[in-house]
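Shown next: my_file-v1.cif, given as mmCIF, C-alpha atoms.
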```
data_run
#
loop_
_atom_site.label_atom_id
_atom_site.label_comp_id
_atom_site.auth_asym_id
_atom_site.auth_seq_id
_atom_site.Cartn_x
_atom_site.Cartn_y
_atom_site.Cartn_z
CA MET J 1 68.09 60.06 152.57
CA LEU J 2 70.83 57.56 153.33
CA ALA J 3 70.50 54.81 155.96
CA ALA J 4 73.74 54.24 157.84
CA PRO J 5 74.45 51.07 159.89
CA LEU J 6 75.83 51.46 163.39
CA PRO J 7 79.63 51.16 163.85
CA GLY J 8 80.76 47.63 164.62
CA GLY J 9 77.78 46.06 162.88
CA GLY J 10 75.77 45.87 166.09
CA GLN J 11 72.02 45.90 166.35
CA GLY J 12 70.25 49.13 167.17
CA GLU J 13 68.40 52.09 165.73
CA ILE J 14 68.79 52.98 162.06
CA HIS J 15 69.86 56.57 161.46
CA PHE J 16 69.24 58.60 158.29
CA ARG J 17 71.34 61.37 156.82
CA ASN J 18 70.08 63.82 154.19
CA VAL J 19 72.44 63.55 151.20
CA ALA J 20 70.11 65.02 148.53
CA SER J 21 72.06 68.26 148.07
CA ALA J 22 75.46 66.58 148.01
CA SER J 23 74.14 64.05 145.48
CA GLY J 24 72.91 66.72 143.08
CA LEU J 25 69.20 66.16 143.73
CA ASP J 26 68.21 69.82 143.99
CA PHE J 27 64.57 69.43 142.93
CA VAL J 28 62.12 71.80 144.62
CA LEU J 29 58.40 71.09 144.32
CA GLU J 30 56.33 74.07 143.18
CA ASN J 31 52.67 73.37 143.96
CA HIS J 32 51.61 77.04 143.67
CA PRO J 33 49.61 77.27 146.92
CA THR J 34 46.74 79.75 147.05
CA GLU J 35 44.50 81.17 149.77
CA ARG J 36 41.66 79.06 148.40
CA LYS J 37 43.66 75.88 149.09
CA HIS J 38 42.65 73.99 145.95
CA LEU J 39 42.70 70.22 146.26
CA ILE J 40 45.33 69.86 143.54
CA GLU J 41 47.80 71.88 145.63
CA THR J 42 48.11 68.88 147.95
CA MET J 43 48.42 66.31 145.13
CA ALA J 44 51.56 67.43 143.28
CA GLY J 45 54.90 65.71 143.74
CA GLY J 46 54.84 62.35 141.96
CA VAL J 47 58.03 60.37 141.40
CA ALA J 48 59.17 57.54 139.13
CA VAL J 49 62.39 55.62 139.74
CA PHE J 50 63.71 53.74 136.70
CA ASP J 51 66.77 53.19 134.50
CA TYR J 52 65.96 55.41 131.52
CA ASP J 53 69.32 55.07 129.75
CA GLY J 54 69.97 51.36 130.31
CA ASP J 55 73.28 51.82 132.14
CA GLY J 56 72.22 49.70 135.09
CA LEU J 57 71.83 52.66 137.46
CA THR J 58 68.50 53.85 138.83
CA ASP J 59 67.49 57.34 137.68
CA ILE J 60 64.83 59.57 139.26
CA PHE J 61 61.98 61.56 137.69
CA PHE J 62 59.91 64.14 139.61
CA THR J 63 56.61 65.71 138.54
CA ASN J 64 55.98 69.37 139.26
CA GLY J 65 53.07 71.77 139.43
CA ALA J 66 52.09 74.81 137.38
CA ALA J 67 50.52 78.22 137.83
CA VAL J 68 46.97 78.33 139.17
CA PRO J 69 44.39 78.81 137.70
CA SER J 70 46.02 78.71 134.24
CA LEU J 71 47.56 75.26 134.89
CA GLU J 72 50.48 76.26 132.66
CA LYS J 73 54.17 75.96 133.50
CA THR J 74 55.60 79.49 133.47
CA GLY J 75 59.32 78.74 133.68
CA PRO J 76 62.07 76.30 134.71
CA GLY J 77 60.85 76.43 138.30
CA ASP J 78 57.73 74.54 137.20
CA TRP J 79 59.48 71.92 135.08
CA ASN J 80 59.24 68.25 135.79
CA ARG J 81 62.77 66.97 136.42
CA LEU J 82 64.80 63.94 135.36
CA TYR J 83 68.02 63.19 137.22
CA ARG J 84 70.50 60.77 135.69
CA ASN J 85 72.35 58.52 138.12
CA LEU J 86 76.09 58.93 137.58
CA GLY J 87 77.05 56.33 140.17
CA GLY J 88 78.69 56.94 143.52
CA MET J 89 75.55 58.62 144.90
CA LYS J 90 75.80 61.42 142.32
CA PHE J 91 73.03 62.66 140.00
CA ARG J 92 72.85 65.18 137.15
CA ASP J 93 69.79 67.09 135.95
CA VAL J 94 69.20 66.03 132.32
CA THR J 95 65.64 67.34 131.97
CA GLY J 96 66.30 69.64 129.02
CA GLN J 97 68.41 67.12 127.16
CA ALA J 98 65.83 64.38 127.65
CA GLY J 99 62.88 66.58 126.64
CA LEU J 100 60.90 65.98 129.83
CA ALA J 101 60.24 69.50 131.14
CA GLY J 102 56.59 68.75 130.51
CA ALA J 103 53.45 70.86 130.45
CA GLY J 104 50.53 71.49 132.76
CA TYR J 105 50.05 70.66 136.41
CA ALA J 106 51.62 67.20 136.76
CA ILE J 107 50.73 64.97 139.69
CA GLY J 108 51.90 61.38 139.15
CA ALA J 109 54.28 59.33 137.04
CA ALA J 110 54.78 55.68 136.10
CA ALA J 111 57.51 54.00 134.06
CA ALA J 112 57.39 50.87 131.88
CA ASP J 113 58.29 49.73 128.36
CA PHE J 114 54.88 50.08 126.70
CA ASP J 115 56.06 49.28 123.15
CA ASN J 116 58.47 46.44 124.05
CA ASP J 117 61.49 48.00 122.35
CA GLY J 118 63.75 47.48 125.38
CA HIS J 119 63.64 51.11 126.54
CA VAL J 120 61.64 52.22 129.58
CA ASP J 121 58.97 54.77 128.70
CA LEU J 122 57.22 57.27 130.95
CA PHE J 123 53.58 58.17 131.65
CA VAL J 124 52.82 61.47 133.42
CA GLY J 125 49.32 62.10 134.76
CA GLY J 126 48.07 65.52 135.76
CA VAL J 127 45.22 67.99 135.95
CA ARG J 128 43.20 67.78 132.70
CA ARG J 129 46.27 66.45 130.88
CA ASN J 130 47.97 63.08 130.55
CA PHE J 131 51.22 62.56 128.68
CA LEU J 132 52.94 59.45 127.36
CA TYR J 133 56.64 59.83 126.58
CA ARG J 134 58.33 57.24 124.39
CA ASN J 135 61.97 56.55 125.19
CA ARG J 136 63.97 56.79 121.96
CA GLY J 137 66.91 54.94 123.50
CA ASP J 138 69.37 57.78 122.90
CA GLY J 139 68.75 59.68 126.13
CA THR J 140 65.73 61.55 124.78
CA PHE J 141 61.95 61.11 124.87
CA GLU J 142 59.17 61.99 122.44
CA GLU J 143 55.63 62.84 123.48
CA VAL J 144 53.27 60.34 121.80
CA SER J 145 50.03 60.73 123.77
CA GLU J 146 47.70 61.57 120.89
CA ALA J 147 49.19 59.02 118.51
CA SER J 148 48.89 56.34 121.20
CA GLY J 149 45.27 57.09 122.09
CA ILE J 150 45.92 58.52 125.56
CA PRO J 151 42.89 60.73 126.36
CA ARG J 152 43.17 64.28 127.64
CA ARG J 153 40.43 63.91 130.17
CA ILE J 154 38.47 66.36 132.30
CA GLY J 155 39.55 66.18 135.94
CA TYR J 156 42.88 64.87 137.13
CA ASP J 157 44.85 61.67 137.62
CA ARG J 158 46.14 61.39 141.15
CA LYS J 159 47.61 57.89 140.81
CA CYS J 160 49.65 56.29 138.06
CA GLY J 161 50.50 52.68 137.38
CA TRP J 162 51.14 50.07 134.71
CA LEU J 163 49.35 46.76 134.45
CA LEU J 164 50.87 43.93 132.43
CA THR J 165 48.33 41.19 131.73
CA HIS J 166 48.79 37.89 129.94
CA PRO J 167 47.47 34.34 130.43
CA VAL J 168 49.38 32.55 133.17
CA PRO J 169 48.67 28.80 133.48
CA HIS J 170 48.19 27.27 136.92
CA ARG J 171 47.97 30.68 138.61
CA LYS J 172 46.95 30.32 142.23
CA GLN J 173 43.52 31.67 143.13
CA GLU J 174 45.07 34.16 145.54
CA GLY J 175 47.20 35.53 142.72
CA ARG J 176 44.13 35.90 140.51
CA HIS J 177 42.47 38.05 143.15
CA HIS J 178 45.54 40.28 143.37
CA GLU J 179 45.62 40.63 139.58
CA ALA J 180 41.95 41.58 139.55
CA ALA J 181 42.49 44.20 142.26
CA TYR J 182 45.33 45.85 140.34
CA ALA J 183 43.35 45.72 137.10
CA LEU J 184 40.33 47.38 138.69
CA GLN J 185 42.52 50.10 140.14
CA LEU J 186 43.91 50.82 136.70
CA LEU J 187 40.43 50.97 135.17
CA GLU J 188 39.26 53.41 137.82
CA VAL J 189 42.26 55.70 137.46
CA PHE J 190 42.85 55.74 133.71
CA GLY J 191 39.87 54.07 132.02
CA ILE J 192 42.25 52.89 129.29
CA ALA J 193 43.82 49.63 128.26
CA SER J 194 46.49 48.45 125.82
CA SER J 195 45.24 47.61 122.35
CA ALA J 196 46.35 47.40 118.70
CA PRO J 197 46.89 49.09 116.30
CA ARG J 198 46.96 52.05 118.69
CA PRO J 199 48.76 51.17 121.95
CA PHE J 200 45.89 52.41 124.13
CA MET J 201 42.13 52.72 123.83
CA PRO J 202 39.21 53.52 126.20
CA ILE J 203 38.25 50.42 128.12
CA SER J 204 34.69 49.16 127.89
CA ALA J 205 32.18 48.14 130.53
CA THR J 206 32.44 44.59 129.18
CA ALA J 207 36.18 44.56 129.85
CA ARG J 208 35.57 45.83 133.37
CA ARG J 209 33.13 42.99 134.06
CA ARG J 210 35.65 40.45 132.78
CA VAL J 211 38.28 41.80 135.16
CA GLU J 212 35.81 41.70 138.06
CA ALA J 213 35.20 38.03 137.28
CA LEU J 214 38.87 37.10 137.72
#
```
Mind turning the file's structure into structure tokens?
Amino acid sequence: MLAAPLPGGGQGEIHFRNVASASGLDFVLENHPTERKHLIETMAGGVAVFDYDGDGLTDIFFTNGAAVPSLEKTGPGDWNRLYRNLGGMKFRDVTGQAGLAGAGYAIGAAAADFDNDGHVDLFVGGVRRNFLYRNRGDGTFEEVSEASGIPRRIGYDRKCGWLLTHPVPHRKQEGRHHEAAYALQLLEVFGIASSAPRPFMPISATARRRVEAL
């Protein structure tokens, strides 16, 4: 959607115009609805907005569903999709080239540079499967979940997020409370935290108590 100011720069209502099709954003969510109305059918459709190729333009990634009850993607219609921003409100589907078609019933996505190599990586959470994709910096991604310690858990992740924590001197008390709230949310959703030598490991009850004490 595109917000357009009123002619003459006057004050008034803001109007929106749907430019998705003209921009090349032709993604269609496939949540595979059934007569049983499974809860996951209402949870699909996550999105991550980030600059995956470092060209200064914001790209868009969409998660997609899968067949039910197999929870397997059966064709291109079920693929997750990455759209590269070409500038001028134009996008191109680069899913295949980037290696991000994905697997399983995906629900949410979050983007951040987890290994500090200067390239934004991608986490995709879904039903019984979580995937971490490392950005190689050449327009492609590699799936590194197992090597990084990301668990393939029973259940599903309905929210995704990154938490960057480090000691900050003279942090205001209000800020500490906000940091604690975000940390607790991450623990509840993923139950994992960054660690070495593997980037991620299950978080302990002791770590949870330390966060609660912030």
### Task
Name the closest residue to Asp121 of chain J among the candidates J:Leu57, J:Ala101, J:Ala67, J:Ala48; distances are taken between atoms, counting all atoms listed in the file.
J:Ala48
### Task
Find the residues around segment 133-140 of chain J up to 9 Å (all atoms listed in the file counted), leave out those fewer than 4 positions away in its own chain, and share them as a list of chain:residue names.
J:Tyr52, J:Asp53, J:Gly54, J:Val94, J:Gln97, J:Ala98, J:Gly99, J:Leu100, J:Asp113, J:Phe114, J:Asp115, J:Asp117, J:Gly118, J:His119, J:Val120, J:Asp121, J:Leu122, J:Phe123, J:Val124, J:Val144, J:Ser145
### Message
Between atom CA of Gly24 of chain J and atom CA of Val47 of chain J, what distance in Å does the model show, to one decimal?
### Response
16.3 Å
### Task
Could you tell me which of J:Leu29, J:Pro76, J:Thr95, J:Thr42 comes closest to Phe61 of chain J if we count all atoms listed in the file?
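Between J:Leu29, J:Pro76, J:Thr95, J:Thr42, the residue approaching Phe61 of chain J most closely is J:Thr95.
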#### Entry: Option closest in space to Gly125 of chain J, from J:Asn80, J:Thr58, J:Ser21, J:Asn85 [counting all atoms listed in the file]
J:Asn80
### Message
Residue by residue, what does the PyMOL selection byres ((chain J and resi 88) around 12) grab here? Present the result as a ChimeraX atom specification.
### Response
/J:19,22-24,57-58,84-87,89-92
### Query
What gap, in Å, lies between atom CA of Phe131 of chain J and atom CA of Gly104 of chain J?
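That distance, rounded to one decimal, is 9.8 Å.
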### Task
Rounded to one decimal place, report the atom CA of Gly77 of chain J-atom CA of Glu146 of chain J distance in Å.
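Rounded to one decimal, the two atoms are 26.4 Å apart.
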#### Entry: Output check: residues returned by the PyMOL selection byres ((chain J and resi 27) around 8), as a list in words
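Output of the PyMOL selection byres ((chain J and resi 27) around 8): Leu25, Asp26, Val28, Leu29, Phe62 and Arg81 of chain J.
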#### Entry: Residues selected by the PyMOL selection byres ((chain J and resi 65) around 9), written as a PyMOL selection string
chain J and resi 29-32+40-41+44-45+63-64+66-68+71-73+78-80+104-107+126
### Message
Can you tell me which residues surround Phe50 of chain J at a distance of at most 7 Å, considering only C-alpha atoms, apart from same-chain residues fewer than 3 positions away, and format the answer as an MDAnalysis selection string?
### Response
chainID J and resid 58:60 111
### Message
With distances taken over only C-alpha atoms, which residue among J:Leu39, J:Leu132, J:Val49, J:Ala103 lies nearest Gly75 of chain J?
### Response
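Checking each of J:Leu39, J:Leu132, J:Val49, J:Ala103 against Gly75 of chain J, counting only C-alpha atoms, the winner is J:Ala103.
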